[in-house]
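J.: target.cif is reproduced in full below (mmCIF, C-alpha atoms and all ligand atoms).
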data_model
loop_
_atom_site.label_atom_id
_atom_site.label_comp_id
_atom_site.auth_asym_id
_atom_site.auth_seq_id
_atom_site.Cartn_x
_atom_site.Cartn_y
_atom_site.Cartn_z
CA ARG Y 1 -50.99 41.92 26.62
CA PRO Y 2 -51.29 38.59 28.48
CA LEU Y 3 -51.08 38.98 32.25
CA ILE Y 4 -47.96 36.84 32.50
CA SER Y 5 -45.97 39.15 30.23
CA GLN Y 6 -47.28 42.21 32.08
CA GLN Y 7 -46.07 40.68 35.34
CA ARG Y 8 -42.70 39.94 33.83
CA GLU Y 9 -42.38 43.52 32.59
CA ALA Y 10 -43.40 44.87 36.00
CA HIS Y 11 -40.72 42.71 37.59
CA GLN Y 12 -38.09 43.95 35.14
CA CYS Y 13 -39.08 47.57 35.73
CA PHE Y 14 -38.82 47.03 39.46
CA THR Y 15 -35.31 45.55 39.09
CA GLY Y 16 -34.23 48.57 37.03
CA ILE Y 17 -35.70 51.04 39.54
CA ARG Y 18 -34.06 49.28 42.50
CA PHE Y 19 -30.72 49.38 40.67
CA LEU Y 20 -31.01 53.14 40.08
CA TYR Y 21 -31.97 53.76 43.70
CA ALA Y 22 -28.92 51.77 44.85
CA HIS Y 23 -26.64 53.80 42.55
CA LYS Y 24 -28.16 57.25 43.12
CA ASP Y 25 -25.08 58.76 44.78
CA GLU Y 26 -22.80 57.62 42.00
CA LEU Y 27 -25.17 59.04 39.40
CA HIS Y 28 -25.43 62.35 41.22
CA SER Y 29 -21.65 62.54 41.48
CA LEU Y 30 -21.46 62.01 37.69
CA SER Y 31 -23.68 65.02 36.90
CA ARG Y 32 -22.21 67.12 39.70
CA ASP Y 33 -18.70 66.57 38.33
CA ILE Y 34 -19.82 67.64 34.83
CA TRP Y 35 -21.63 70.63 36.38
CA SER Y 36 -18.50 71.67 38.32
CA ASN Y 37 -16.39 71.64 35.15
CA PRO Y 38 -18.54 73.40 32.53
CA GLU Y 39 -17.17 73.11 28.99
CA LEU Y 40 -18.36 74.75 25.78
CA ALA Y 41 -19.67 72.92 22.72
CA GLY Y 42 -17.00 70.75 21.11
CA ASN Y 43 -14.59 71.14 24.03
CA GLU Y 44 -16.25 68.78 26.51
CA LYS Y 45 -13.07 66.85 27.33
CA HIS Y 46 -13.66 66.47 31.05
CA ALA Y 47 -17.28 65.37 30.62
CA HIS Y 48 -16.30 62.95 27.85
CA ASP Y 49 -13.59 61.34 29.99
CA ARG Y 50 -15.84 61.16 33.06
CA LEU Y 51 -18.65 59.43 31.16
CA VAL Y 52 -16.22 57.07 29.45
CA ARG Y 53 -14.87 56.12 32.91
CA PHE Y 54 -18.39 55.67 34.23
CA PHE Y 55 -19.24 53.05 31.59
CA SER Y 56 -15.76 51.46 31.47
CA GLN Y 57 -15.90 50.53 35.17
CA ASP Y 58 -18.49 47.87 34.27
CA GLN Y 59 -16.72 45.59 31.85
CA THR Y 60 -19.93 44.34 30.31
CA TRP Y 61 -20.12 47.66 28.41
CA THR Y 62 -17.98 48.06 25.28
CA VAL Y 63 -16.84 51.65 25.31
CA GLN Y 64 -15.45 53.68 22.41
CA SER Y 65 -14.00 57.01 23.44
CA HIS Y 66 -13.74 59.86 20.89
CA TYR Y 67 -16.35 58.06 18.81
CA LYS Y 68 -16.50 59.77 15.38
CA LEU Y 69 -16.05 63.23 17.04
CA PRO Y 70 -13.33 64.27 19.51
CA THR Y 71 -15.72 64.59 22.47
CA ALA Y 72 -18.37 62.02 21.52
CA PHE Y 73 -18.40 58.47 22.89
CA LYS Y 74 -20.30 55.24 22.45
CA ALA Y 75 -21.02 52.54 25.06
CA SER Y 76 -22.80 49.36 24.03
CA TRP Y 77 -24.13 46.35 25.86
CA GLY Y 78 -25.70 43.12 24.60
CA PRO Y 79 -27.38 41.69 22.62
CA VAL Y 80 -29.24 39.49 25.10
CA SER Y 81 -32.01 36.93 24.70
CA GLY Y 82 -34.31 36.65 21.66
CA GLY Y 83 -34.08 33.95 19.03
CA VAL Y 84 -30.84 33.04 17.28
CA GLY Y 85 -30.61 34.96 14.01
CA ASP Y 86 -33.49 37.34 14.92
CA PRO Y 87 -32.80 40.98 14.06
CA VAL Y 88 -31.45 42.80 17.10
CA LEU Y 89 -33.41 45.69 18.62
CA ASN Y 90 -30.89 48.39 19.45
CA VAL Y 91 -32.15 50.84 22.08
CA GLY Y 92 -30.30 54.17 22.16
CA PHE Y 93 -29.88 56.67 24.99
CA LEU Y 94 -28.32 60.07 24.42
CA CYS Y 95 -26.18 62.10 26.80
CA GLU Y 96 -25.56 65.82 26.19
CA TYR Y 97 -22.97 67.63 28.30
CA ASP Y 98 -22.05 71.03 26.85
CA ALA Y 99 -22.43 74.25 28.84
CA LEU Y 100 -23.06 77.91 27.96
CA PRO Y 101 -20.49 80.71 27.79
CA GLY Y 102 -20.25 82.64 31.06
CA ILE Y 103 -23.09 80.91 32.90
CA GLY Y 104 -22.05 77.26 33.00
CA HIS Y 105 -24.72 74.54 33.03
CA ALA Y 106 -27.62 76.98 32.71
CA CYS Y 107 -29.50 74.53 30.46
CA GLY Y 108 -28.86 71.55 32.74
CA HIS Y 109 -27.05 69.39 30.19
CA ASN Y 110 -25.15 67.82 33.10
CA LEU Y 111 -28.54 66.36 34.10
CA ILE Y 112 -29.21 65.21 30.53
CA ALA Y 113 -25.94 63.24 30.77
CA GLU Y 114 -27.08 61.73 34.08
CA VAL Y 115 -30.55 60.84 32.77
CA GLY Y 116 -29.13 59.18 29.65
CA ALA Y 117 -26.55 57.19 31.58
CA ALA Y 118 -28.99 56.26 34.36
CA ALA Y 119 -31.78 55.20 32.00
CA ALA Y 120 -29.33 52.99 30.09
CA VAL Y 121 -27.88 51.26 33.18
CA GLY Y 122 -31.42 50.94 34.58
CA LEU Y 123 -32.56 49.20 31.39
CA LYS Y 124 -29.51 46.95 31.46
CA ALA Y 125 -30.29 45.95 35.08
CA ALA Y 126 -33.86 45.19 34.01
CA LEU Y 127 -32.83 43.05 31.05
CA GLU Y 128 -29.74 41.17 32.16
CA ASN Y 129 -30.49 37.54 32.96
CA GLN Y 130 -33.58 37.69 30.75
CA THR Y 131 -33.90 34.70 28.50
CA GLU Y 132 -37.38 35.20 27.11
CA LEU Y 133 -37.39 38.56 25.39
CA PRO Y 134 -39.28 38.46 22.08
CA VAL Y 135 -36.26 39.87 20.23
CA PRO Y 136 -32.53 40.12 21.04
CA VAL Y 137 -31.93 43.50 22.69
CA LYS Y 138 -28.87 45.68 22.65
CA ILE Y 139 -28.32 49.03 24.41
CA THR Y 140 -26.28 51.86 22.92
CA VAL Y 141 -25.41 55.05 24.76
CA LEU Y 142 -24.16 57.88 22.58
CA GLY Y 143 -22.40 60.86 24.08
CA THR Y 144 -23.54 63.65 21.78
CA PRO Y 145 -21.52 66.85 22.24
CA ALA Y 146 -22.19 70.40 21.10
CA GLU Y 147 -25.97 70.83 21.25
CA GLU Y 148 -25.75 74.54 22.12
CA GLU Y 149 -23.56 75.22 19.10
CA LEU Y 150 -22.42 73.25 16.00
CA GLY Y 151 -25.04 70.45 16.19
CA GLY Y 152 -23.07 67.41 17.37
CA LYS Y 153 -25.96 65.03 16.73
CA ILE Y 154 -26.17 66.16 13.11
CA GLU Y 155 -22.47 65.45 12.64
CA LEU Y 156 -22.98 62.04 14.25
CA ILE Y 157 -25.96 61.32 11.98
CA ASN Y 158 -23.83 62.21 8.94
CA ALA Y 159 -21.03 59.96 10.21
CA GLY Y 160 -23.46 57.01 10.47
CA ALA Y 161 -23.61 56.82 14.29
CA PHE Y 162 -27.39 56.33 14.30
CA ALA Y 163 -27.52 53.86 11.40
CA ASP Y 164 -28.09 50.75 13.56
CA ILE Y 165 -30.18 52.36 16.33
CA ASP Y 166 -33.89 51.47 16.42
CA LEU Y 167 -35.23 53.66 19.20
CA VAL Y 168 -33.80 56.69 20.90
CA PHE Y 169 -34.40 58.25 24.32
CA MET Y 170 -33.24 61.37 26.10
CA ALA Y 171 -34.79 64.01 28.38
CA HIS Y 172 -34.21 67.73 28.93
CA PRO Y 173 -34.58 69.83 32.12
CA ALA Y 174 -37.29 72.51 32.00
CA GLN Y 175 -39.92 74.21 34.18
CA GLN Y 176 -42.51 71.41 33.97
CA ASP Y 177 -42.77 67.77 33.03
CA ALA Y 178 -43.99 67.10 29.50
CA SER Y 179 -43.79 63.93 27.43
CA PHE Y 180 -43.71 66.09 24.31
CA HIS Y 181 -43.32 69.78 23.70
CA PRO Y 182 -42.66 71.12 20.23
CA CYS Y 183 -39.13 72.33 19.62
CA ILE Y 184 -38.85 74.50 16.55
CA ILE Y 185 -36.49 74.70 13.60
CA ILE Y 186 -33.48 76.96 13.97
CA GLU Y 187 -31.02 78.40 11.52
CA GLU Y 188 -28.11 80.61 12.39
CA MET Y 189 -27.09 83.65 10.31
CA LEU Y 190 -23.70 85.27 10.58
CA VAL Y 191 -23.62 88.78 9.10
CA LYS Y 192 -20.38 90.63 8.43
CA TYR Y 193 -20.19 94.28 7.38
CA TYR Y 194 -17.06 95.66 5.75
CA GLY Y 195 -16.61 99.45 5.77
CA LYS Y 196 -13.59 101.75 5.82
CA ALA Y 197 -11.68 103.07 8.83
CA SER Y 198 -10.89 106.74 9.31
CA HIS Y 199 -10.14 109.17 12.16
CA ALA Y 200 -13.62 109.71 13.64
CA ALA Y 201 -13.00 113.38 14.50
CA ALA Y 202 -10.45 114.50 11.91
CA TYR Y 203 -11.74 112.80 8.72
CA PRO Y 204 -15.17 111.23 9.40
CA TRP Y 205 -16.23 111.86 5.77
CA GLU Y 206 -13.48 109.46 4.64
CA GLY Y 207 -14.92 106.57 6.63
CA VAL Y 208 -17.57 103.94 5.81
CA ASN Y 209 -19.11 103.01 9.14
CA ALA Y 210 -19.67 99.27 9.62
CA LEU Y 211 -21.09 99.83 13.10
CA ASP Y 212 -23.84 102.02 11.61
CA ALA Y 213 -24.67 99.11 9.31
CA ALA Y 214 -24.83 96.72 12.30
CA VAL Y 215 -27.06 99.10 14.28
CA LEU Y 216 -29.40 99.65 11.31
CA ALA Y 217 -29.54 95.90 10.71
CA TYR Y 218 -30.47 95.32 14.36
CA SER Y 219 -33.19 98.00 14.13
CA ASN Y 220 -34.52 96.68 10.82
CA ILE Y 221 -34.95 93.24 12.39
CA SER Y 222 -36.69 94.75 15.44
CA VAL Y 223 -39.19 96.46 13.14
CA LEU Y 224 -39.66 93.29 11.08
CA ARG Y 225 -40.43 91.36 14.28
CA GLN Y 226 -43.73 93.29 14.66
CA GLN Y 227 -45.05 91.69 11.49
CA LEU Y 228 -43.94 88.10 12.14
CA LYS Y 229 -46.22 85.20 13.07
CA PRO Y 230 -46.49 84.65 16.85
CA ASP Y 231 -44.53 81.39 16.81
CA TRP Y 232 -41.65 82.69 14.69
CA ARG Y 233 -38.54 83.98 16.46
CA ILE Y 234 -35.58 86.10 15.38
CA HIS Y 235 -33.02 87.33 17.88
CA GLY Y 236 -29.38 88.28 17.73
CA ILE Y 237 -26.31 89.98 19.11
CA ILE Y 238 -23.57 92.25 17.83
CA LYS Y 239 -20.49 90.06 18.24
CA HIS Y 240 -18.00 92.62 17.06
CA GLY Y 241 -18.79 96.30 17.13
CA GLY Y 242 -15.52 98.09 16.45
CA GLU Y 243 -12.23 98.76 18.19
CA LYS Y 244 -12.16 102.30 19.58
CA PRO Y 245 -14.50 105.32 19.52
CA ASN Y 246 -12.07 107.42 17.49
CA ILE Y 247 -11.67 104.80 14.75
CA ILE Y 248 -14.63 104.54 12.39
CA PRO Y 249 -15.38 100.82 12.56
CA ALA Y 250 -14.26 99.10 9.36
CA TYR Y 251 -15.65 95.69 10.37
CA THR Y 252 -18.62 94.48 12.40
CA GLU Y 253 -20.20 91.10 12.91
CA LEU Y 254 -23.68 90.05 14.03
CA GLU Y 255 -25.03 86.64 14.90
CA PHE Y 256 -28.78 85.97 14.56
CA TYR Y 257 -30.96 82.93 15.25
CA LEU Y 258 -34.04 82.42 13.04
CA ARG Y 259 -36.72 80.00 14.24
CA THR Y 260 -40.04 78.76 12.84
CA PRO Y 261 -42.14 75.64 13.40
CA LEU Y 262 -42.15 74.71 9.67
CA LEU Y 263 -39.34 74.54 7.12
CA LYS Y 264 -41.30 76.50 4.48
CA ASP Y 265 -41.79 79.34 7.00
CA LEU Y 266 -38.05 79.38 7.65
CA CYS Y 267 -37.45 80.16 3.95
CA ASP Y 268 -39.82 83.17 4.22
CA LEU Y 269 -38.19 84.39 7.40
CA LYS Y 270 -34.71 84.02 5.91
CA ALA Y 271 -35.69 86.10 2.88
CA LYS Y 272 -37.16 88.86 5.09
CA ALA Y 273 -34.11 88.89 7.38
CA GLU Y 274 -31.71 88.95 4.46
CA ALA Y 275 -33.54 91.99 3.04
CA CYS Y 276 -33.04 93.76 6.40
CA PHE Y 277 -29.31 92.98 6.45
CA ARG Y 278 -28.78 94.06 2.83
CA ALA Y 279 -30.77 97.28 3.30
CA ALA Y 280 -28.42 98.26 6.16
CA ALA Y 281 -25.43 97.69 3.86
CA GLY Y 282 -27.02 99.80 1.11
CA ALA Y 283 -27.80 102.66 3.49
CA THR Y 284 -24.25 102.89 4.82
CA GLY Y 285 -22.24 101.95 1.76
CA CYS Y 286 -20.79 98.86 3.43
CA GLN Y 287 -20.21 95.48 1.84
CA VAL Y 288 -22.15 92.65 3.47
CA GLU Y 289 -21.48 88.94 3.72
CA ILE Y 290 -24.22 86.62 5.02
CA THR Y 291 -23.59 82.94 5.86
CA SER Y 292 -25.24 80.10 7.79
CA PRO Y 293 -22.28 78.63 9.68
CA THR Y 294 -24.01 75.64 11.30
CA PRO Y 295 -26.51 73.08 10.04
CA THR Y 296 -30.24 73.68 10.49
CA TYR Y 297 -31.77 72.00 13.56
CA TYR Y 298 -35.16 70.46 12.71
CA ASN Y 299 -38.33 70.46 14.79
CA ILE Y 300 -38.91 67.36 16.95
CA LEU Y 301 -41.29 64.80 15.45
CA PRO Y 302 -43.81 63.54 18.02
CA ASN Y 303 -44.22 59.83 18.73
CA ALA Y 304 -47.68 59.34 20.27
CA THR Y 305 -47.08 55.77 21.48
CA LEU Y 306 -43.78 56.52 23.19
CA ALA Y 307 -45.23 59.70 24.70
CA SER Y 308 -48.25 57.88 26.10
CA LEU Y 309 -46.11 55.05 27.55
CA TYR Y 310 -43.76 57.61 29.08
CA GLU Y 311 -46.71 59.43 30.66
CA SER Y 312 -48.20 56.23 32.17
CA ASN Y 313 -44.83 55.21 33.57
CA GLY Y 314 -44.12 58.74 34.79
CA LYS Y 315 -47.50 58.98 36.52
CA ALA Y 316 -46.85 55.65 38.26
CA LEU Y 317 -43.66 57.22 39.62
CA GLY Y 318 -45.48 60.38 40.79
CA ILE Y 319 -44.71 62.70 37.86
CA HIS Y 320 -47.39 65.34 37.28
CA PHE Y 321 -48.00 66.24 33.64
CA PRO Y 322 -49.87 69.56 33.21
CA GLU Y 323 -52.78 69.37 30.74
CA GLN Y 324 -51.35 72.16 28.60
CA PRO Y 325 -47.61 72.37 29.16
CA THR Y 326 -46.40 75.91 28.73
CA SER Y 327 -42.87 74.92 29.46
CA PHE Y 328 -39.79 76.25 27.78
CA CYS Y 329 -38.91 75.09 24.37
CA GLY Y 330 -36.25 76.19 21.99
CA SER Y 331 -34.55 74.17 19.33
CA THR Y 332 -32.43 71.06 19.49
CA ASP Y 333 -30.36 68.86 17.22
CA PHE Y 334 -32.45 65.97 18.60
CA GLY Y 335 -35.02 67.24 16.05
CA ASN Y 336 -32.80 65.89 13.24
CA VAL Y 337 -32.47 62.56 15.11
CA SER Y 338 -36.26 62.34 15.43
CA PHE Y 339 -36.54 62.33 11.60
CA ILE Y 340 -34.36 59.24 11.23
CA VAL Y 341 -35.06 57.14 14.36
CA PRO Y 342 -38.29 56.89 16.40
CA GLY Y 343 -37.69 58.48 19.76
CA ILE Y 344 -38.76 60.80 22.56
CA HIS Y 345 -37.29 63.89 24.18
CA PRO Y 346 -39.47 64.63 27.21
CA PHE Y 347 -38.91 67.65 29.44
CA PHE Y 348 -38.59 67.39 33.22
CA TYR Y 349 -39.01 69.65 36.20
CA ILE Y 350 -35.95 70.03 38.45
CA CYS Y 351 -37.49 71.69 41.54
CA THR Y 352 -37.00 75.32 40.59
CA ASP Y 353 -39.02 78.16 39.08
CA ALA Y 354 -35.86 79.56 37.50
CA LEU Y 355 -35.71 79.76 33.70
CA ASN Y 356 -33.21 78.00 31.46
CA HIS Y 357 -30.19 80.06 30.38
CA THR Y 358 -30.03 82.01 33.67
CA GLU Y 359 -27.55 81.82 36.55
CA GLU Y 360 -30.39 80.68 38.82
CA TYR Y 361 -30.98 77.69 36.58
CA THR Y 362 -27.27 76.84 36.69
CA GLU Y 363 -27.55 76.74 40.49
CA ALA Y 364 -30.63 74.49 40.31
CA ALA Y 365 -29.01 72.06 37.85
CA GLY Y 366 -26.23 71.33 40.34
CA ALA Y 367 -28.43 71.13 43.41
CA GLU Y 368 -29.13 67.96 45.40
CA LYS Y 369 -32.88 68.66 45.21
CA ALA Y 370 -32.88 68.23 41.40
CA GLN Y 371 -31.85 64.61 41.88
CA LEU Y 372 -35.22 63.14 42.80
CA TYR Y 373 -36.69 64.55 39.59
CA THR Y 374 -33.72 63.60 37.44
CA LEU Y 375 -33.64 59.97 38.56
CA ARG Y 376 -37.43 59.71 38.35
CA THR Y 377 -37.18 60.80 34.73
CA ALA Y 378 -34.47 58.21 34.05
CA LYS Y 379 -36.67 55.52 35.62
CA ALA Y 380 -39.65 56.52 33.45
CA LEU Y 381 -37.45 56.32 30.33
CA SER Y 382 -36.12 52.86 31.34
CA MET Y 383 -39.64 51.62 32.01
CA THR Y 384 -40.82 52.93 28.64
CA ALA Y 385 -37.95 51.09 26.96
CA VAL Y 386 -38.86 47.89 28.87
CA ASP Y 387 -42.46 48.22 27.63
CA VAL Y 388 -41.37 48.47 24.01
CA VAL Y 389 -38.71 45.75 24.02
CA CYS Y 390 -41.08 43.31 25.73
CA CYS Y 391 -44.03 43.89 23.45
CA PRO Y 392 -43.68 43.55 19.66
CA ASP Y 393 -47.12 45.16 19.18
CA LEU Y 394 -45.95 48.32 20.90
CA LEU Y 395 -42.77 48.35 18.84
CA LYS Y 396 -44.88 48.13 15.71
CA LYS Y 397 -47.07 51.04 16.89
CA VAL Y 398 -43.98 53.13 17.66
CA ARG Y 399 -42.70 52.48 14.13
CA ASP Y 400 -46.11 53.26 12.59
CA ASP Y 401 -46.28 56.56 14.52
CA PHE Y 402 -42.82 57.44 13.27
CA ARG Y 403 -43.77 56.86 9.65
CA LEU Y 404 -47.03 58.80 10.07
CA ALA Y 405 -45.36 61.77 11.75
CA LYS Y 406 -42.85 61.97 8.90
CA LEU Y 407 -45.61 61.82 6.28
CA LYS Y 408 -47.47 64.67 8.03
CA GLN Y 409 -44.39 66.88 7.65
CA LYS Y 410 -44.53 66.66 3.87
N1 LIG N 1 -26.92 76.87 17.09
C1 LIG N 1 -27.81 77.31 18.12
C2 LIG N 1 -28.51 76.19 18.79
C3 LIG N 1 -29.27 76.66 19.99
C4 LIG N 1 -29.91 75.54 20.70
C5 LIG N 1 -30.50 75.95 22.00
N2 LIG N 1 -30.98 74.78 22.64
C6 LIG N 1 -31.53 74.81 23.84
O1 LIG N 1 -31.66 75.84 24.49
C7 LIG N 1 -32.05 73.50 24.33
C8 LIG N 1 -33.52 73.48 24.14
C9 LIG N 1 -34.07 72.12 24.01
N3 LIG N 1 -35.22 72.17 23.23
C10 LIG N 1 -31.62 76.96 21.79
O2 LIG N 1 -31.36 78.15 21.86
O3 LIG N 1 -32.77 76.58 21.54
#
I'd like the structure from this file rewritten - as structure tokens, please.
Ligand SMILES: NCCCC[C@H](NC(=O)CCCN)C(=O)O
T.:
Amino acid sequence: RPLISQQREAHQCFTGIRFLYAHKDELHSLSRDIWSNPELAGNEKHAHDRLVRFFSQDQTWTVQSHYKLPTAFKASWGPVSGGVGDPVLNVGFLCEYDALPGIGHACGHNLIAEVGAAAAVGLKAALENQTELPVPVKITVLGTPAEEELGGKIELINAGAFADIDLVFMAHPAQQDASFHPCIIIEEMLVKYYGKASHAAAYPWEGVNALDAAVLAYSNISVLRQQLKPDWRIHGIIKHGGEKPNIIPAYTELEFYLRTPLLKDLCDLKAKAEACFRAAAGATGCQVEITSPTPTYYNILPNATLASLYESNGKALGIHFPEQPTSFCGSTDFGNVSFIVPGIHPFFYICTDALNHTEEYTEAAGAEKAQLYTLRTAKALSMTAVDVVCCPDLLKKVRDDFRLAKLKQK
């Protein structure tokens, strides 16, 4: 790129970073408030209202509360600059804010909300007053509820919320920084066994024991696990196991998560798991019902250009990226977004060795010391967005990577 445009970008990045530094307390209070009021998937009323207030206080944002879903929102700014009639480049940032049952913000989604909001206001600070951007730029923040359950982003995709977004950014707390780490496909299976109640001491021979079916199913899956590929996962719980020891359980319910890196492997795993569940029904004489109550979350598609820009910007801010990240990964509904819009979902360290989905991680996600890392991540995302909006060649490369990554999946 010509030196003059590099200097201009550096200046814009600096303006965005200075803005975030000046607003760090307000941004921390945003995530701390969400952390102090943990809400389960689909019920994030407090977080929704808090984020809507955050954007509404600056009247240059157009804010839509309850956007397409009861606890989703949309905040948009712009377009600015570019030529009259040029197609607008709409840069999206995503905020998640749901918590886990019993352990609060043990996955740090309060920090995802902060990163998304901070990166968006940082980019706005960098772009406002710009008159010479190569294309008109708009910023859209989507509040995407229910990542831990239900798949809020998938519902938003189906409702058309991503239709006009060109690029999408978010980041997730983890044990290490990584510009990309594969998140795998997940499908949920709900298994219900129907038996027949009876007095467990007086007439056990009259009963059909649905708990026995659940226990056999759990054991069948544990045996199956020995023969699965190393990167496949299947794990579950017994959600309902009966009412009282002296009543032969007439109904039990299990919930299992099935995960594989590739869609075709998921079909194999589903068939094997289903055989385990049906065998348990056959052995006990129960009826079985198997459903997939939520949509499948896809793997995340990589975007090499965005990842490399994010790493250069992150390194300039002091982020260390291990050569071979071994960090946590699970599954995310961002995977489905990555198939329709080019984007990145880096992971970031939050100054703890604790693991996600533990009480220790909940503690860390609310701590002051996570802030340096959270805001640094937001700055790296803003800078990456500045790079792409200022340089049409980079935008083209990002789009080419997106198309290539999709082709490789076929
Ligand atoms: N319907 C179940 C979805 C579980 C999603 C959950 N997500 C996370 O932990 C965030 C990980 C980000 N990659 C999971 O168990 O993977």
J.: Neighbouring residues of ligand LIG 1 (chain N) are defined here as those with any atom at most 7 Å from a ligand atom, counting all atoms listed in the file; list them as an mmCIF file with C-alpha atoms, in the frame of the given file.
T.:
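Final output, pocket_4.cif:
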data_model
loop_
_atom_site.group_PDB
_atom_site.id
_atom_site.type_symbol
_atom_site.label_atom_id
_atom_site.label_comp_id
_atom_site.auth_asym_id
_atom_site.auth_seq_id
_atom_site.Cartn_x
_atom_site.Cartn_y
_atom_site.Cartn_z
ATOM 1 C CA CYS Y 107 -29.500 74.530 30.460
ATOM 2 C CA GLU Y 147 -25.970 70.830 21.250
ATOM 3 C CA GLU Y 148 -25.750 74.540 22.120
ATOM 4 C CA GLU Y 149 -23.560 75.220 19.100
ATOM 5 C CA LEU Y 150 -22.420 73.250 16.000
ATOM 6 C CA GLY Y 151 -25.040 70.450 16.190
ATOM 7 C CA HIS Y 172 -34.210 67.730 28.930
ATOM 8 C CA CYS Y 183 -39.130 72.330 19.620
ATOM 9 C CA ILE Y 186 -33.480 76.960 13.970
ATOM 10 C CA GLU Y 188 -28.110 80.610 12.390
ATOM 11 C CA THR Y 294 -24.010 75.640 11.300
ATOM 12 C CA CYS Y 329 -38.910 75.090 24.370
ATOM 13 C CA GLY Y 330 -36.250 76.190 21.990
ATOM 14 C CA SER Y 331 -34.550 74.170 19.330
ATOM 15 C CA THR Y 332 -32.430 71.060 19.490
#
J.: So which residues fall inside 8 Å of (-27.0, 56.5, 29.2) if we count only C-alpha atoms? Mind giving them as a short mmCIF file (atom, residue, chain, number, x, y, z; two decimals) with C-alpha atoms, in the coordinates of the input?
T.:
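Output (result_39.cif):
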data_model
loop_
_atom_site.label_atom_id
_atom_site.label_comp_id
_atom_site.auth_asym_id
_atom_site.auth_seq_id
_atom_site.Cartn_x
_atom_site.Cartn_y
_atom_site.Cartn_z
CA PHE Y 93 -29.88 56.67 24.99
CA LEU Y 94 -28.32 60.07 24.42
CA CYS Y 95 -26.18 62.10 26.80
CA ALA Y 113 -25.94 63.24 30.77
CA GLU Y 114 -27.08 61.73 34.08
CA VAL Y 115 -30.55 60.84 32.77
CA GLY Y 116 -29.13 59.18 29.65
CA ALA Y 117 -26.55 57.19 31.58
CA ALA Y 118 -28.99 56.26 34.36
CA ALA Y 119 -31.78 55.20 32.00
CA ALA Y 120 -29.33 52.99 30.09
CA VAL Y 121 -27.88 51.26 33.18
CA THR Y 140 -26.28 51.86 22.92
CA VAL Y 141 -25.41 55.05 24.76
CA LEU Y 142 -24.16 57.88 22.58
#
J.: In Å to one decimal, how far is CA of Lys192 in chain Y from CA of Ile290 in chain Y?
T.: 6.5 Å
J.: Would you list the contacts of Pro145 in chain Y as a PyMOL selection string, taking every protein, DNA or RNA residue within 8 Å and counting only C-alpha atoms, but skipping same-chain residues closer than 6 positions in sequence?
T.: chain Y and resi 41-42+44+71-72+96-98+151-153
J.: Considering all atoms listed in the file, can you say which of Y:Gly85, Y:Leu30, Y:Tyr257, Y:Lys68 comes closest to Arg50 in chain Y?
T.: Y:Leu30
J.: Please determine an axis-aligned box that encloses all atoms of range 228-247 of chain Y listed in the file, with 8 Å added on each side, and express its centre and edge lengths in Å to one decimal as JSON.
T.:
{"center_x": -29.1, "center_y": 94.4, "center_z": 15.9, "size_x": 50.8, "size_y": 42.0, "size_z": 23.4}
J.: Please, which residues are within 9 Å of (-37.6, 75.7, 35.5) by the file's coordinates, counting only C-alpha atoms, and could they come as a PyMOL selection string?
T.: chain Y and resi 173-176+327-328+348-356+361+364
J.: Between Y:Val208, Y:Ala273, Y:Leu372, Y:Cys267, which is the closest to Leu27 in chain Y once you count only C-alpha atoms?
T.: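 Smallest distance to Leu27 in chain Y is found for Y:Leu372.
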J.: Pick out the residues sitting within 8 Å of Glu9 in chain Y, and hand them over as a list in words; count only C-alpha atoms, and ignore anything fewer than 5 positions along from it in its own chain.
T.: Val386, Asp387 and Cys390 of chain Y
J.: Filtering to C-alpha atoms, could you give me those residues as a PDB file, keeping the file's coordinate frame?
T.:
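The file below, out.pdb, is the result:
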ATOM      1  CA  VAL Y 386     -38.860  47.890  28.870  1.00  0.00           C
ATOM      2  CA  ASP Y 387     -42.460  48.220  27.630  1.00  0.00           C
ATOM      3  CA  CYS Y 390     -41.080  43.310  25.730  1.00  0.00           C
TER       4      CYS Y 390
END
